[in-house]
Amino acid sequence: MSTPDTQDRPVTRLLVQWSGGNEAALGELTSLLYRELRSLAQRHLRRERANHTIQRTALVHEAFVRLINQQSVDWRSRAHFFALASTLMRRILVDHARARLSSKRGGGQPVESLEEIPEALDCVDEDSDSDEDLTAIDAALTRLAAIDDRQVQIVQMRYFGGLTIEETAQALDISEATVKREWTLARAWLKRELSKGR
Amino acid sequence: MSNDRWLRVKEVFATALEQEPGQRAAFLDQACANDDVLRAEVDSLLQAHEATGDFIENPAAARLESPPPPEWIGRRIGAYRIVGSLGSGGMSDVFRAVRADDEYHKEVAIKILRAGYETQFLLERFKSEKRMLASLDHPNIARILDGGSTNEGLPYLVMDFIQGRPIDQYCREQHLADRERLKLFQQLCSAVQYVHKHLMVHADLKCNNILVTEDGSVRLLDFGVSELVNSASPRNPQGLVAFTPEYASPEQLRGDVISTASDVYSLGVVLHQLLTGRLPPGHGPIAGDLGAITQTALQHDPASRYASVEQFNLDIDRHLNGFPLSCQPATFARKVTKFCGRHRTGIAVLSAFVLCLIGGVVAASWEAHVARQQRARAERHFADVRKLASTFMFDLYEAIQNLPGSTQARHLLVLNALKYLDGLAAESGGDVTIQRELATAYEKVADVQGGYRQANLGDAAGAIASYRKALDIRQALPPEPEVRRELLRAYGKLGEVMAGVGDSAGAIATSRRALTIAEDLAAQPGAAVTDQRNLGSVYVSLGWQIARSGKAERGLMLMNQGTAVFESLVDADPQDARSRHNAAVAYGRMGEILIGIQRYSDALALHSKQQQFAHALAVADPTNAELRTLEAYALLGMATVLSKRGATQDALLKQTEAANTLRALFDADAKDTEARFNAAFSLSEVSVTLASLGQFQAAELKLRDALAIIEPLAATDDPAMAHARELQGADNRRLARVTAGTYPLD
C-alpha cells in the first residue's frame, strides 16, 4: 500500500521530534507529504475522466491520511493530531501560494517540492482570498505567535485545518465560548495587520 | 506587548463587543480612563473587527475548490425531488427529498458524492455502503431505500429520513438523567451488536451519526466507512480513510486492521461524551461502575477491551440493576483496595512503632514500603486465585473433559481449585464482594463435580459439599435481593443433585428452604419477572421431589401451582418464551408422574400440552436444539401412554417422529453427548414398539443402530455417563431377546 517515497521514512520518529519542539522535523514531514501528494496527483490525472477534476483538498486529505496510516503513529491525543494536521495544512497551502506567486512573477526560486504538481490541478477560485492574502496571513500569524500562542492554534485549526468552532473547542479541551472570543479577536487582529501592509 | 497588557486588551475588547452599539463608547471611556494607549489599541481592533466580513471564515483549502457544486435543490433524482439540504459529510452532501410520484410525498434523505471526489476509492466506498445497508434490517438502523447514479455520474443513496437530533445534543436538551442516557446508549449497542452479527464493523461511530427521534428511539446512520470483518480485499486501496479522529480507536488511527473492537472503543468515546458532556479523557475520570465500564471500553489494547458489544451492553445492564460488573480490571482493583484497607490497621500499628524508634522521614518511607509490599502481595495473591478459580480451571476443564481417560486429571483439577478456594475463604475476612465471588466459584466447582443437567464428574457427594460451602458463605452475607437470588439458585441446584442420588428427604428439605426464599423474592415490591419465574420453578422441583418420594398427589398439586405461575406470566406477556419453556418442562414431568400412577388420560393431556408448547417455541426459534429435543420427548411421553392403551401404531408414529428429530440433532452436532444419548434412547423406544408389533427384524436393526450410537459414550469410565451405560445394558438385553424372537422385550 505504501509508495517507495514514504515506505521507510521514520514518520513516527519525526513526529516525536516535532512534538518535542524540533522544527526541522516538521520540514521533513511536510516534504514527505508533498511527495506523497505529487505522486497521488499524477496517478489521479492519468486515470482521470475528461470532464472532472479531482479536488486538491481531497488530494491533500488523502495524502495526509495516507502518510499517517502507513506508519505506526501513536496519536496520544486528538489535540496532537489536529495541531499537526492544521500546521501541516498551513505549510502546504502557504508554500503552494508562495510557489504560485514566484512563478507568476517569473522570478525567485520555486519551492522545490511543488514544481512538479501538474498544472491541471492549479485552478484557484479568483473570488476568494488571494495567494498574496495567504502569505500575508501566514506572516501575520507568525507575529501573533509572539503575543498569543493559543490564538494562533485556534486560527490554524479553524482556517487551515477547517475545523468548526465546536470541533476546535473539543480538540483544545476549552469551551466554545472561549474559542469564539479568541477567534473574534484573532480575526480582528489579523485583519488589522493585513491592512497595515497595504 | 506584555502579557498583562494583552490580557487587558482581550478583556476590554470582548466586553466592548457585548455592549449595545450605543453603549460602547461610554463603556470604553470608563474602561480605558487615563489609558490612551489601551483605548487606541482596542479602538483599532474594534474597527478592524467591523471590517472582517467573512475574512478567513472559510477554510483556506476551500479557496482551491472549483468548479462550484451543482445546484441540487429542486432537482429530481430518480423518483425523488430534492427539497432541502441536510448537511455535508467529508466527501458527500446529504439532502432532504420527497417522493415525486407519490401523493404522500414520503420524505427521504439522499446522500450524493460531492462532485470532484469521484476517486476510484470513494466510488467503491459508496457501492459498499449500499451493499452493507441493504443487508441490514434493524429498528435502530436507518434503512436504505434506493440508490443509483445522477446524470453527471455521481453515485447517490436514498435512505430513511430520520427526524432527530444527535444523541449528545438530545441528552443535553432533554436534560436526561444518567439512567435515561444509558438506556438510549443500550439501544445503540443493540444496533451495533446487530451490525457485528452481520460481520460488519461500522468504523465511524460518533454522536453525529447517532440520531434520536422525538419519540426517543435511536437511529444509527452513515455506513460510509464500514468494513466487512475479515474482508479479503485490501481495506484501503487509495489510502483514504475518512474516520473521525476523536472517536477512532488507536489501531484505527495507526491504520492497522480494524475489528469489532474498534467499534467498542468508539462506543466508549460516545458513552464518555454522554456521561460527561466531553470527549475522553476530559477532566477527571468518571467515578464508580460507569468509570470502570468506560475505561474498559477505552483500553488502548483491543484485547483488553470488552470482547463484544454484547458484553459491554451487559455490564451496563448490570450497573443499571445494581449487579457487580464483569469488567475485571476495575472490579479487581476495587477488591484489592478493599483488601489492603483491611490490613491498614496492621500497617498503621507497625509504622507507629517504627516511628517511636527512629522517627521522621525514614518512617514515612518505610510505611510506604510496607504498604507497597502488602499491596503487591495482595494483588499477586488475588490475581492467582481469581485466575485459577474463575478462568483457568474452567477453561482447562472444558478443554480436557472430552478427552478419553481425563477423569483423573479432572478430579485433580477440582481438588486443587478447592484447595485454593478454601485458602482464600480463610483469608478473605468480611469483604462482601470477595465473599460473593468465592461463593460463585464454589458453585461453579460444584457444577463441575456433579451439577444437574450438565457434563460433570459424577461426584455427587463432592458437589453437595461444594454447594453447601457456597450456601454457607451466602447465608452470612447481607440479605440483599441479588444475594438472595444467588442463594436460591444454589439451593435449587443442591436439591436437584440430592434428588438425583436418591436422598429424597434431603432434597425436599433443601427445596423447602428454596421455596421460602423464592416466595419472599416474588412477594417483594418491584419483584422482577425472573423472581416470579423462579418461584414457579421451585414449586415444580419441590413437587417433583415430593411426588417421587411416593406422595404423587401432593407433588402434583405443587407442580400445578408452578405451572399456574408460568401460565399467568405467559398470559401477561405472550412473548415470554422462557416461561413457556418452563411450563413445557413442567408438563412433561407431571406427565411422567401421572403415567407412574396410571392416570393415562391426564398424562396424555399433559404430554400433548407439552408438545404444543414446545412446538410453538421451536417454530419461533428453529435453530434452538433444546426446544426441538423438548418436543421430541413430549412425543415419546405421548407414545408411552398410547402403547399402554394399546394404540401401538399411533405410538410408533410418534416415536418415529421423535427419533427422526433427535437423530437429525445428533447428526448436526455429533460432539454433543446429550444429543448422542437422546438419539440412541429414541431408537431403543422405537425398537420396543416394533417388537411388540411383531416386526422383529426391524426392531433388531433399530437396536443395533442405537447400540452403535451409544457405544462411544458407554465406553468411557466417566461417572456422568452412567445413564449411557444403563441404556447400553438394556439394549443388549433387548437385542438378545429380539434375536431369540422373545416378546415383550422389556
# chains A, B, ... in the order shown; residues from 1 in each chain; ligands from 1
>>> residues_around(residues="region 106-117 of chain B", least_positions_apart="5", cutoff="6 Å", atoms="only C-alpha atoms", output="PyMOL selection string")
(chain A and resi 53-55) or (chain B and resi 91-99+154-161)
>>> write_last_selection(atoms="C-alpha atoms", output="PDB file, in the first residue's frame")
ATOM      1  CA  THR A  53     -11.020  17.490 -11.865  1.00  0.00           C
ATOM      2  CA  ILE A  54     -10.134  15.857  -8.619  1.00  0.00           C
ATOM      3  CA  GLN A  55     -10.239  18.457  -5.907  1.00  0.00           C
TER       4      GLN A  55
ATOM      5  CA  MET B  91     -16.860  13.702   0.811  1.00  0.00           C
ATOM      6  CA  SER B  92     -20.592  13.863   0.249  1.00  0.00           C
ATOM      7  CA  ASP B  93     -23.644  16.060   0.751  1.00  0.00           C
ATOM      8  CA  VAL B  94     -26.947  14.978   2.209  1.00  0.00           C
ATOM      9  CA  PHE B  95     -30.287  16.375   1.112  1.00  0.00           C
ATOM     10  CA  ARG B  96     -33.888  16.095   2.109  1.00  0.00           C
ATOM     11  CA  ALA B  97     -36.110  14.893  -0.716  1.00  0.00           C
ATOM     12  CA  VAL B  98     -39.681  13.777  -1.300  1.00  0.00           C
ATOM     13  CA  ARG B  99     -41.031  11.074  -3.478  1.00  0.00           C
ATOM     14  CA  LEU B 154     -22.248  10.869  -9.207  1.00  0.00           C
ATOM     15  CA  PRO B 155     -23.425   7.975  -7.071  1.00  0.00           C
ATOM     16  CA  TYR B 156     -26.255   8.547  -4.590  1.00  0.00           C
ATOM     17  CA  LEU B 157     -28.062   6.634  -1.855  1.00  0.00           C
ATOM     18  CA  VAL B 158     -31.681   7.118  -0.805  1.00  0.00           C
ATOM     19  CA  MET B 159     -32.286   6.464   2.878  1.00  0.00           C
ATOM     20  CA  ASP B 160     -34.914   6.830   5.565  1.00  0.00           C
ATOM     21  CA  PHE B 161     -35.235  10.459   6.553  1.00  0.00           C
TER      22      PHE B 161
END
>>> residues_around(residues="Gln170 (chain A)", least_positions_apart="5", cutoff="8 Å", atoms="only C-alpha atoms", output="VMD selection string")
(chain A and resid 175) or (chain B and resid 278 to 279)
>>> select_by_dssp(residues="region 121-280 of chain B", states="alpha helix (DSSP H)", output="VMD selection string")
chain B and resid 121 to 134 167 to 173 178 to 197 250 to 254 260 to 276
>>> residues_around(residues="Ser684 (chain B)", least_positions_apart="4", cutoff="7 Å", atoms="only C-alpha atoms", output="ChimeraX atom specification")
/B:680,688,702-703,706,731
>>> closest_residue(among="A:Ala97, A:Ala171, A:Met89, A:Leu134", to="Ile154 (chain A)", atoms="only C-alpha atoms")
A:Ala171
>>> closest_residue(among="A:Ala146, A:Val179, A:Asp95, A:Gln153", to="chain B", atoms="only C-alpha atoms")
A:Ala146
>>> atom_distance(atom1="CA of Gln610 (chain B)", atom2="CA of Ala514 (chain B)")
25.5 Å
>>> atom_distance(atom1="CA of Glu657 (chain B)", atom2="CA of Asn678 (chain B)")
13.1 Å
>>> residues_around(residues="Leu184 (chain B)", least_positions_apart="4", cutoff="12 Å", atoms="only C-alpha atoms", output="count of residues only")
31
>>> residues_around(residues="Ala139 (chain A)", least_positions_apart="4", cutoff="10 Å", atoms="only C-alpha atoms", output="PyMOL selection string")
chain A and resi 94+133-135+143-144+190+193-194
>>> atom_distance(atom1="CA of Gln532 (chain B)", atom2="CA of Ala518 (chain B)")
8.0 Å
>>> residues_around(residues="Thr15 (chain B)", least_positions_apart="4", cutoff="12 Å", atoms="only C-alpha atoms", output="list in words")
Arg181 and Leu185 of chain A; Arg8, Val9, Lys10, Glu11, Gln19, Glu20, Pro21, Gln23, Arg24, Ala25, Phe27, Leu28, Ala31, Val42 and Leu46 of chain B
>>> residues_around(residues="Glu482 (chain B)", least_positions_apart="4", cutoff="12 Å", atoms="only C-alpha atoms", output="PDB file with C-alpha atoms, in the first residue's frame")
ATOM      1  CA  ARG B 318     -25.609  -4.979  35.470  1.00  0.00           C
ATOM      2  CA  ASN B 321     -29.697  -3.279  38.039  1.00  0.00           C
ATOM      3  CA  GLY B 322     -27.072  -2.873  40.742  1.00  0.00           C
ATOM      4  CA  PHE B 323     -25.157  -6.076  39.992  1.00  0.00           C
ATOM      5  CA  PRO B 324     -21.377  -6.365  40.057  1.00  0.00           C
ATOM      6  CA  ARG B 436     -19.784 -13.335  46.839  1.00  0.00           C
ATOM      7  CA  ARG B 474     -24.103 -16.621  51.066  1.00  0.00           C
ATOM      8  CA  LEU B 477     -23.943 -12.121  53.633  1.00  0.00           C
ATOM      9  CA  PRO B 478     -26.317  -9.167  53.980  1.00  0.00           C
ATOM     10  CA  GLU B 486     -27.847 -16.482  44.267  1.00  0.00           C
ATOM     11  CA  LEU B 487     -28.765 -18.339  47.424  1.00  0.00           C
ATOM     12  CA  LEU B 488     -31.949 -19.546  45.793  1.00  0.00           C
ATOM     13  CA  ARG B 489     -30.096 -20.733  42.713  1.00  0.00           C
ATOM     14  CA  ILE B 517     -36.671 -17.509  49.630  1.00  0.00           C
ATOM     15  CA  ALA B 518     -38.469 -17.690  46.304  1.00  0.00           C
ATOM     16  CA  LEU B 521     -38.432 -12.533  46.499  1.00  0.00           C
ATOM     17  CA  ALA B 527     -40.132  -8.146  42.059  1.00  0.00           C
ATOM     18  CA  ALA B 528     -38.809  -8.975  38.613  1.00  0.00           C
ATOM     19  CA  THR B 530     -37.410 -13.636  36.952  1.00  0.00           C
ATOM     20  CA  ASP B 531     -38.429 -13.778  40.603  1.00  0.00           C
TER      21      ASP B 531
END
